[in-house]
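Take a look at the structure below.
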Amino acid sequence: MPGTLVPAPDHAFDDRALNDHAFDDRAFDDRAFDDRALNDRAVDDPAHFDPDHLRLILDEQRRFRIEQIAALAAAVPVPADDARDQITVALTVAACRALVDLERALERLDAGTYGTCQHCGGPIALERLYAVPQAALCGRCQRADESGR
């Protein structure tokens, strides 16, 4: 069947996993945020900041990305399926980038700089960190970065 993934010799792989698994990065997209809430509470607010909980979230997302990359690597496309190859490569690249971002966030958490914007040095809103726990930039700097300013 054209476009069907076949299992790698030493891995059981179900093609449906690519479609059923939550590979949708929109869950980590901060554009759905209400900008009015971005600066309500910052990491330096000890009443709301729970680094252990955020570490659990980061670790869980890190494990997910590692599993995702392994599943994508195990997918052996049927020959002459360039479209599926391109999609698999794009998903793998995105997952690798997300994994690097997650590992950097864990390093910042260990270093005590987690929740501090890497551009302006200001605090990153807790709401943003819970929605995008690997965020290295505050909402304002992220928007400026995305718009090329």
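Chain labels A, B, ... are given in the sequence in which chains occur in the structure tokens; within each chain residues are numbered consecutively from 1, and ligands are likewise numbered from 1 in the order shown.
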Sorted per-residue table, range 81-118 of chain A near range 60-73 of chain A, closest atoms and distance, 6 Å, only C-alpha atoms, as a tab-separated table:
residue	atom	partner	partner_atom	distance
A:Thr92	CA	A:Ile69	CA	5.9
A:Ala95	CA	A:Arg65	CA	5.9
A:Leu99	CA	A:Arg65	CA	5.9
**OP:** as a list in words, list the residues of range 41-141 of chain A assigned to strand (DSSP E or B) by DSSP on the backbone atoms of this structure.
**Re:**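 Strand (DSSP E or B) assignments inside range 41-141 of chain A correspond to Ala42, Ala75, Val76, Pro77, Thr116, Pro123 and Ala125 of chain A.
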Same residues, C-alpha atoms, output as a compact mmCIF listing (two decimals), in the first residue's frame:
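Result file follows (selection.txt):
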# COMPACT_ATOMS: atom_id res chain seq x y z
CA ALA A 42 6.29 35.91 37.80
CA ALA A 75 9.52 4.33 10.85
CA VAL A 76 10.87 2.91 7.62
CA PRO A 77 8.98 4.48 4.72
CA THR A 116 14.33 34.70 33.68
CA PRO A 123 10.83 37.57 34.75
CA ALA A 125 5.17 35.01 33.68
Original post:
Can you tell me, as a ChimeraX atom specification, what residues are no more than 12 Å from Asp145 in chain A when counting only C-alpha atoms, ignoring any on the same chain fewer than 5 positions away?
Top reply: /A:118-120,136-140
Store the residues picked out above in a file with C-alpha atoms, as an mmCIF file, in the first residue's frame.
data_model
loop_
_atom_site.group_PDB
_atom_site.id
_atom_site.type_symbol
_atom_site.label_atom_id
_atom_site.label_comp_id
_atom_site.auth_asym_id
_atom_site.auth_seq_id
_atom_site.Cartn_x
_atom_site.Cartn_y
_atom_site.Cartn_z
ATOM 1 C CA GLN A 118 17.297 35.271 28.202
ATOM 2 C CA HIS A 119 16.981 38.563 26.264
ATOM 3 C CA CYS A 120 15.863 41.254 28.683
ATOM 4 C CA ALA A 136 13.485 31.057 27.436
ATOM 5 C CA LEU A 137 11.936 34.428 26.629
ATOM 6 C CA CYS A 138 9.201 36.506 28.201
ATOM 7 C CA GLY A 139 6.104 37.081 26.089
ATOM 8 C CA ARG A 140 7.229 40.534 24.949
#
